[in-house]
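Peer 1: Right, I'll just put the structure down here and ask away after.
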Amino acid sequence: MDTAFSGVLGILSLSFLLLLPLIFIILNHISSPSSERRPLPPGPRQWPIVGNILQVGKKPHVSLAYFAKLHGPLISLRLGAQIVVVASSPIAAAEILKTHDRLLSARFISAANPYGDHVLDRVALVWNPSFGDQGNAGGLKTLITKLMQLATAPNIADFYPVLARLDPQNMRRKMKIGFEKVLNAWQIYIKERRENHVNDAPETDFLDVFLSTGFDDDQINWLVLELFAAGVDTTTTTVEWAMAELLKSRATLVKVQQELDREVDNKSIEESHVLQLQYLNACIKETFRLHPPAPFLIPRRALNTCEVLNYTIPKNSQVVVNLWAIGRDSSSWEDPLSFKPERFLNSNIDFKGHHFQLLPFGSGRRTCPGLPMATRQLPLILAYLIRCFEWSLPNDQDPAMLDMNDKFGITLVKDSPLLLVPKRKL
């Protein structure tokens, strides 16, 4: 009898332990702010426990833009127990990034990130094209790709903070291992360069300069972060989208070529020419509008409850600005789905954070530090590519049929990478 009773008690205890996480989730869901008790921004219907998780899909920037059309420029969702407020118009973005910048400037840290945003940024520096797959640094880009895929993968601990310590998907461990592999590979690369560095050798890049001045490895990491981390991936992604749009619109490409012939003539393209290339700069702005380097600004966290557009944003809720939706907002842009650089020729709109209808680098105290680098690099890179080469698609493909679908991630890259055939101009 005692044995049977003990067996039943053991089964009940095991069942209770298995149900304990679910109980925590339910209690957290009940105790968290509800749209029935707080005037949250409107949004799609929420399911019990999971909220809107199943409605977001594989392309959140697209699904959230759709919800904004249905419910308004400021919407709210519940992803598990986490309230997420999304701004999808210039007015809503200005409220978050300017009017309430102080209260909504804290960073949202993923439960899977054991290091913090500054280390994610530091790791991003290895996307510099000069850091190729050579020597012991081989495969570094593969490691980075895997790490960034982990960073954007859905993590149940982000949706249910009560599970963060349990780490049910083992994401924290995977991220830690990924970080260690990347940082170790990067340290090997620096070691290679130190061993091969000669004091009187010509300085071919910034790393050579840093080595010549006697900086230690940690100082080099942070300096390269400031110079490259935020700008390199933005630049390469934008160049790819710009070239794709120009190939699709041959008339636009011809106008850029004519401007280069007129303004640069037979001279070498220099930074001093950039301001004169108004049509090229308009093409860059139009590329940023249709294809922002990142679909969302880095998520923010509300330090305290505040009012935005007559709605309440609760303390500790996640706040997101949907750049992709703002760039395609028909109330801000005429014919928003078409690539028309001419819309910027007689406009004072820039992308430096002053105009909230075009925010590829954000605005306010969280403006992307890669802004100065990207603005210098992009016109020069595109000008060289267009002036020095004739471009075509392989196998005589029709540019009008070019696949322009994007792939969601930390950066918004082309789903099918752009493959072009260059022919050097005589």
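Chain labels follow the order of the structure tokens: the first chain is A, the next B, and so on; residue numbering restarts at 1 in every chain, and ligands are counted from 1 in their shown order.
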Contacts of stretch 42-50 of chain A at 7 Å or less, counting only C-alpha atoms, minus same-chain residues fewer than 6 places along, as a PyMOL selection string?
Peer 2: chain A and resi 26+29+67+71+75-80
Peer 1: List every residue of stretch 240-426 of chain A that DSSP, applied to the backbone of this structure, assigns to helix (DSSP H, G or I), and report them as a ChimeraX atom specification.
Peer 2: /A:240-248,250-263,271-276,278-290,323-327,341-344,364-366,371-388,394-396,399-401
Peer 1: Kindly export the residues of the current selection with C-alpha atoms, as a compact mmCIF listing (two decimals), in the first residue's frame.
Peer 2:
```txt
# COMPACT_ATOMS: atom_id res chain seq x y z
CA GLU A 240 23.83 45.29 -54.08
CA TRP A 241 20.26 46.66 -53.93
CA ALA A 242 21.23 49.83 -55.83
CA MET A 243 22.89 47.86 -58.63
CA ALA A 244 19.86 45.57 -58.85
CA GLU A 245 17.47 48.52 -59.15
CA LEU A 246 19.65 50.26 -61.74
CA LEU A 247 19.89 47.09 -63.84
CA LYS A 248 16.11 46.76 -63.75
CA ARG A 250 18.07 50.88 -67.71
CA ALA A 251 16.90 54.48 -68.30
CA THR A 252 17.88 55.38 -64.74
CA LEU A 253 21.28 53.75 -65.16
CA VAL A 254 21.88 55.74 -68.35
CA LYS A 255 21.09 58.99 -66.49
CA VAL A 256 23.68 58.12 -63.83
CA GLN A 257 26.26 57.34 -66.52
CA GLN A 258 25.56 60.64 -68.28
CA GLU A 259 25.94 62.56 -65.02
CA LEU A 260 29.28 60.88 -64.34
CA ASP A 261 30.51 61.69 -67.86
CA ARG A 262 29.41 65.30 -67.43
CA GLU A 263 30.68 65.97 -63.90
CA GLU A 271 35.29 62.47 -52.75
CA SER A 272 35.09 66.10 -53.87
CA HIS A 273 32.88 64.99 -56.78
CA VAL A 274 30.22 63.46 -54.54
CA LEU A 275 28.23 66.65 -53.91
CA GLN A 276 28.06 67.33 -57.66
CA GLN A 278 22.97 64.86 -57.49
CA TYR A 279 21.25 62.13 -59.50
CA LEU A 280 23.54 59.41 -58.14
CA ASN A 281 22.82 60.62 -54.60
CA ALA A 282 19.10 60.58 -55.39
CA CYS A 283 19.47 56.93 -56.46
CA ILE A 284 21.13 56.13 -53.13
CA LYS A 285 18.30 57.79 -51.20
CA GLU A 286 15.72 55.91 -53.25
CA THR A 287 17.56 52.65 -52.53
CA PHE A 288 17.51 53.41 -48.80
CA ARG A 289 13.78 54.12 -49.03
CA LEU A 290 12.82 50.87 -50.74
CA LEU A 323 11.76 51.24 -41.53
CA TRP A 324 10.60 49.00 -44.36
CA ALA A 325 6.97 50.03 -43.82
CA ILE A 326 7.80 53.75 -43.51
CA GLY A 327 9.67 53.69 -46.83
CA PRO A 341 15.14 58.75 -57.83
CA GLU A 342 13.62 61.91 -59.35
CA ARG A 343 11.44 62.28 -56.24
CA PHE A 344 14.56 63.45 -54.34
CA GLY A 364 18.53 60.85 -32.02
CA ARG A 365 20.90 59.42 -29.44
CA ARG A 366 20.74 55.95 -31.01
CA LEU A 371 26.43 56.94 -40.90
CA PRO A 372 29.52 59.05 -41.78
CA MET A 373 31.40 56.09 -43.21
CA ALA A 374 28.48 54.82 -45.29
CA THR A 375 27.69 58.26 -46.72
CA ARG A 376 31.29 58.64 -47.91
CA GLN A 377 31.69 55.12 -49.26
CA LEU A 378 28.41 54.56 -51.09
CA PRO A 379 28.62 57.31 -53.74
CA LEU A 380 32.27 56.54 -54.48
CA ILE A 381 31.73 52.77 -54.78
CA LEU A 382 28.69 53.12 -57.01
CA ALA A 383 30.34 55.82 -59.12
CA TYR A 384 33.39 53.61 -59.74
CA LEU A 385 31.29 50.54 -60.55
CA ILE A 386 29.08 52.41 -63.01
CA ARG A 387 31.81 54.51 -64.63
CA CYS A 388 34.43 51.80 -65.06
CA PRO A 394 24.58 36.16 -66.96
CA ASN A 395 23.13 34.06 -69.78
CA ASP A 396 21.39 37.09 -71.32
CA PRO A 399 16.78 42.52 -66.13
CA ALA A 400 13.04 43.12 -65.90
CA MET A 401 12.70 39.59 -64.51
```
Peer 1: Between A:Val264, A:Met404, A:Leu303, A:Ala81, which residue has the minimum interatomic distance to A:Leu418, considering only C-alpha atoms?
Peer 2: A:Met404
Peer 1: For each of A:Ser338, A:Phe296, A:Leu211, A:Leu419, take the minimum atom-to-atom distance to A:Leu359, counting only C-alpha atoms, then give the residue where this is smallest.
Peer 2: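 Selected residue with least distance to A:Leu359: A:Phe296.
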Peer 1: What does the distance from atom CA of A:Asp329 to atom CA of A:Pro295 come to in Å, to one decimal?
Peer 2: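 Interatomic distance here is 13.9 Å.
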Peer 1: Which distance in Å separates atom CA of A:Val239 and atom CA of A:Leu358, to one decimal?
Peer 2: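 Value for the atom CA of A:Val239-atom CA of A:Leu358 distance: 17.4 Å.
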Peer 1: Could you give me, as a VMD selection string, each residue of stretch 211-369 of chain A that DSSP assigns to strand (DSSP E) when run on this structure's backbone?
Peer 2: chain A and resid 300 to 301 306 to 308 311 to 313 318 to 321
Peer 1: Any chance you could export the current selection's N, CA and C atoms as a PDB file, in the first residue's frame?
Peer 2:
```
ATOM      1  N   ARG A 300      14.005  48.996 -28.932  1.00  0.00           N
ATOM      2  CA  ARG A 300      14.189  49.772 -27.712  1.00  0.00           C
ATOM      3  C   ARG A 300      13.295  49.218 -26.612  1.00  0.00           C
ATOM      4  N   ARG A 301      13.584  49.636 -25.390  1.00  0.00           N
ATOM      5  CA  ARG A 301      12.779  49.228 -24.240  1.00  0.00           C
ATOM      6  C   ARG A 301      12.299  50.465 -23.502  1.00  0.00           C
ATOM      7  N   CYS A 306       4.711  55.566 -20.811  1.00  0.00           N
ATOM      8  CA  CYS A 306       4.557  56.887 -21.412  1.00  0.00           C
ATOM      9  C   CYS A 306       3.421  56.867 -22.430  1.00  0.00           C
ATOM     10  N   GLU A 307       2.992  58.054 -22.836  1.00  0.00           N
ATOM     11  CA  GLU A 307       1.897  58.202 -23.789  1.00  0.00           C
ATOM     12  C   GLU A 307       2.458  58.605 -25.155  1.00  0.00           C
ATOM     13  N   VAL A 308       2.077  57.871 -26.187  1.00  0.00           N
ATOM     14  CA  VAL A 308       2.487  58.159 -27.560  1.00  0.00           C
ATOM     15  C   VAL A 308       1.251  58.112 -28.447  1.00  0.00           C
ATOM     16  N   TYR A 311      -1.878  56.815 -26.950  1.00  0.00           N
ATOM     17  CA  TYR A 311      -1.874  55.427 -26.499  1.00  0.00           C
ATOM     18  C   TYR A 311      -0.803  55.255 -25.433  1.00  0.00           C
ATOM     19  N   THR A 312      -0.968  54.240 -24.600  1.00  0.00           N
ATOM     20  CA  THR A 312      -0.016  53.974 -23.535  1.00  0.00           C
ATOM     21  C   THR A 312       0.996  52.922 -23.968  1.00  0.00           C
ATOM     22  N   ILE A 313       2.264  53.236 -23.755  1.00  0.00           N
ATOM     23  CA  ILE A 313       3.330  52.250 -23.931  1.00  0.00           C
ATOM     24  C   ILE A 313       3.793  51.849 -22.535  1.00  0.00           C
ATOM     25  N   GLN A 318       8.692  46.335 -25.447  1.00  0.00           N
ATOM     26  CA  GLN A 318       9.657  46.496 -26.532  1.00  0.00           C
ATOM     27  C   GLN A 318       9.078  47.441 -27.578  1.00  0.00           C
ATOM     28  N   VAL A 319       9.898  48.373 -28.059  1.00  0.00           N
ATOM     29  CA  VAL A 319       9.444  49.381 -29.016  1.00  0.00           C
ATOM     30  C   VAL A 319      10.280  49.262 -30.291  1.00  0.00           C
ATOM     31  N   VAL A 320       9.585  49.139 -31.426  1.00  0.00           N
ATOM     32  CA  VAL A 320      10.247  48.881 -32.703  1.00  0.00           C
ATOM     33  C   VAL A 320       9.773  49.897 -33.737  1.00  0.00           C
ATOM     34  N   VAL A 321      10.691  50.366 -34.584  1.00  0.00           N
ATOM     35  CA  VAL A 321      10.346  51.231 -35.714  1.00  0.00           C
ATOM     36  C   VAL A 321      10.546  50.429 -36.994  1.00  0.00           C
TER      37      VAL A 321
END
```
Peer 1: When distances are computed from only C-alpha atoms, which of A:Ser416, A:Asn348, A:Asn310, A:Thr99 shows the smallest separation from A:Pro41?
Peer 2: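 The closest residue to A:Pro41 is A:Asn310.
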